[in-house]
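Okay, structure first, notes after.
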Amino acid sequence: MPAYWVARSKINDPVEYKKYTDLVPGIIAKFGGKVLARGGKFQIMEGLDKFQRFVVIEFPTFEQGVACFTSKDYDDAAAFRRSGAGEVETIMVEGI
């Protein structure tokens with residue numbers, strides 16, 4: 001059963017944040033993930049308007065998605081945004 005990594009982010013430092021986004025596609029692919037949406041046009045339908053970037057990634061299984069997020073490779077890449085370049089909320093949800 002597929003799973004979806006859903007993230008919303010606010011970019012504070014585009015230069016540092018790009019260092020993170022340049023590394024992530026290869027890491028996601030390594031765990032069987034496929035980016036379904038990243039950036040692009042959006043409309044807040046309900047809730048806070050703090051975030052300006054939205055990402056949806058599909059993984060073959062919930063376990064593969066969690067393994068990707070908790071991997072050393074991802075942790076190393078995320079260090080760029082976690083140092084203040086961006087604010088992110090991420091969830092992993094199992095599909096149907």
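FYI, nothing fancy with the structure tokens labels: chains A, B, ... in order, residues from 1 per chain, ligands from 1 as they appear.
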If we count only C-alpha atoms and set the cut-off at 12 Å, which residues sit around Lys30 in chain A, ignoring sequence neighbours fewer than 4 positions away in its own chain? Please answer as a PyMOL selection string. chain A and resi 23-26+34+59-60+64-65+67-69+71+73-74
Contact residues around Val66 in chain A with only C-alpha atoms at 10 Å, ignoring same-chain residues under 3 positions, as a ChimeraX atom specification: /A:3-5,31,59,61-63,69-71,91-93
Would you put the residues from that selection into a file with N, CA and C atoms, as an mmCIF file, in the first residue's frame?
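File produced: selection06.cif:
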data_model
loop_
_atom_site.group_PDB
_atom_site.id
_atom_site.type_symbol
_atom_site.label_atom_id
_atom_site.label_comp_id
_atom_site.auth_asym_id
_atom_site.auth_seq_id
_atom_site.Cartn_x
_atom_site.Cartn_y
_atom_site.Cartn_z
ATOM 1 N N ALA A 3 2.336 5.166 0.447
ATOM 2 C CA ALA A 3 2.321 6.156 1.518
ATOM 3 C C ALA A 3 2.752 7.490 0.925
ATOM 4 N N TYR A 4 2.347 8.551 1.583
ATOM 5 C CA TYR A 4 2.609 9.888 1.084
ATOM 6 C C TYR A 4 3.283 10.749 2.137
ATOM 7 N N TRP A 5 4.409 11.317 1.732
ATOM 8 C CA TRP A 5 5.148 12.290 2.538
ATOM 9 C C TRP A 5 4.568 13.637 2.118
ATOM 10 N N PHE A 31 14.959 5.503 -2.098
ATOM 11 C CA PHE A 31 13.980 4.798 -1.279
ATOM 12 C C PHE A 31 12.691 4.493 -2.043
ATOM 13 N N PHE A 59 5.601 7.033 -1.842
ATOM 14 C CA PHE A 59 6.510 5.909 -1.628
ATOM 15 C C PHE A 59 5.717 4.614 -1.777
ATOM 16 N N THR A 61 5.715 2.061 0.092
ATOM 17 C CA THR A 61 5.187 1.639 1.392
ATOM 18 C C THR A 61 5.434 2.725 2.431
ATOM 19 N N PHE A 62 4.684 2.667 3.500
ATOM 20 C CA PHE A 62 4.858 3.584 4.628
ATOM 21 C C PHE A 62 6.274 3.445 5.189
ATOM 22 N N GLU A 63 6.722 2.204 5.319
ATOM 23 C CA GLU A 63 8.048 1.932 5.887
ATOM 24 C C GLU A 63 9.158 2.540 5.045
ATOM 25 N N PHE A 69 12.963 9.403 5.365
ATOM 26 C CA PHE A 69 13.009 10.585 6.227
ATOM 27 C C PHE A 69 14.002 10.423 7.371
ATOM 28 N N THR A 70 14.140 9.227 7.887
ATOM 29 C CA THR A 70 15.023 8.997 9.034
ATOM 30 C C THR A 70 16.433 8.562 8.626
ATOM 31 N N SER A 71 16.708 8.526 7.319
ATOM 32 C CA SER A 71 18.033 8.093 6.856
ATOM 33 C C SER A 71 19.100 9.147 7.144
ATOM 34 N N ILE A 91 4.500 15.252 7.369
ATOM 35 C CA ILE A 91 3.779 14.071 7.861
ATOM 36 C C ILE A 91 3.970 12.945 6.857
ATOM 37 N N MET A 92 3.819 11.719 7.316
ATOM 38 C CA MET A 92 3.786 10.550 6.447
ATOM 39 C C MET A 92 2.425 9.939 6.661
ATOM 40 N N VAL A 93 1.682 9.698 5.601
ATOM 41 C CA VAL A 93 0.353 9.130 5.726
ATOM 42 C C VAL A 93 0.210 7.944 4.775
#
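Distances here use only C-alpha atoms; by that measure, the residue among A:Asp76, A:Glu87, A:Glu58, A:Asp13 closest to Met1 in chain A is A:Glu58.
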Taking the DSSP secondary structure from the backbone, can you list the residues of chain A that are helix (DSSP H, G or I), as number ranges by chain? A: 14-30, 62-69, 72-85
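Considering the residues A:Phe54, A:Gly84, A:Ala78, A:Glu16 and counting only C-alpha atoms, Gly40 in chain A has its shortest atom-to-atom contact with A:Phe54.
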Residue neighbourhood Val15 in chain A, 12 Å, only C-alpha atoms, exclusion window fewer than 3 positions, as a short mmCIF file (atom, residue, chain, number, x, y, z; two decimals) with N, CA, C and O atoms, in the first residue's frame:
data_model
loop_
_atom_site.label_atom_id
_atom_site.label_comp_id
_atom_site.auth_asym_id
_atom_site.auth_seq_id
_atom_site.Cartn_x
_atom_site.Cartn_y
_atom_site.Cartn_z
N ILE A 11 10.33 29.26 3.29
CA ILE A 11 11.74 29.43 2.99
C ILE A 11 12.21 30.77 3.53
O ILE A 11 11.68 31.82 3.16
N ASN A 12 13.20 30.71 4.41
CA ASN A 12 13.77 31.93 5.00
C ASN A 12 15.04 32.39 4.31
O ASN A 12 15.33 33.57 4.26
N LYS A 18 18.24 25.95 -1.10
CA LYS A 18 18.52 25.28 -2.37
C LYS A 18 19.57 24.18 -2.20
O LYS A 18 19.52 23.16 -2.88
N LYS A 19 20.49 24.36 -1.28
CA LYS A 19 21.48 23.31 -1.02
C LYS A 19 20.78 22.04 -0.56
O LYS A 19 21.19 20.93 -0.90
N TYR A 20 19.72 22.20 0.21
CA TYR A 20 18.89 21.08 0.66
C TYR A 20 18.11 20.48 -0.52
O TYR A 20 18.17 19.28 -0.78
N THR A 21 17.40 21.33 -1.27
CA THR A 21 16.54 20.82 -2.36
C THR A 21 17.35 20.20 -3.50
O THR A 21 16.83 19.36 -4.22
N ASP A 22 18.59 20.60 -3.67
CA ASP A 22 19.43 19.98 -4.70
C ASP A 22 19.78 18.53 -4.36
O ASP A 22 19.97 17.70 -5.25
N PHE A 80 20.82 21.63 6.15
CA PHE A 80 20.86 22.96 5.52
C PHE A 80 19.62 23.77 5.87
O PHE A 80 19.71 24.93 6.23
N ARG A 81 18.45 23.16 5.78
CA ARG A 81 17.23 23.92 6.08
C ARG A 81 16.98 24.02 7.58
O ARG A 81 16.43 25.00 8.05
N GLY A 84 18.05 27.06 9.87
CA GLY A 84 17.36 28.34 9.79
C GLY A 84 16.96 28.75 8.38
O GLY A 84 16.29 29.75 8.20
N ALA A 85 17.36 27.97 7.37
CA ALA A 85 17.03 28.32 5.99
C ALA A 85 15.55 28.14 5.69
O ALA A 85 15.03 28.74 4.75
N GLY A 86 14.88 27.31 6.49
CA GLY A 86 13.46 27.10 6.25
C GLY A 86 12.77 26.49 7.45
O GLY A 86 13.42 25.96 8.36
#
Please, what distance in Å, to one decimal, runs between CA of Ile96 in chain A and CA of Ala77 in chain A?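 Here the two named atoms are 29.8 Å from each other.
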Skipping near chain neighbours, those fewer than 4 positions away, what residues fall within 8 Å of Arg53 in chain A using only C-alpha atoms, listed as a PyMOL selection string? chain A and resi 8-11+38-40
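Atom to atom, CA of Lys41 in chain A and CA of Val55 in chain A stand 11.4 Å apart.
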Which residue is closest to Phe51 in chain A? Choose from A:Ala37, A:Ile28, A:Ala79, A:Val88 and count only C-alpha atoms.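 Of all the options, A:Val88 lies closest to Phe51 in chain A.
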For CA of Lys72 in chain A and CA of Leu36 in chain A, quote the distance in Å rounded to one decimal. 23.2 Å
Select from chain A everything DSSP, run on the backbone, classes as strand (DSSP E or B), then give the selection as number ranges by chain. A: 3-11, 34-38, 53-59, 86-94
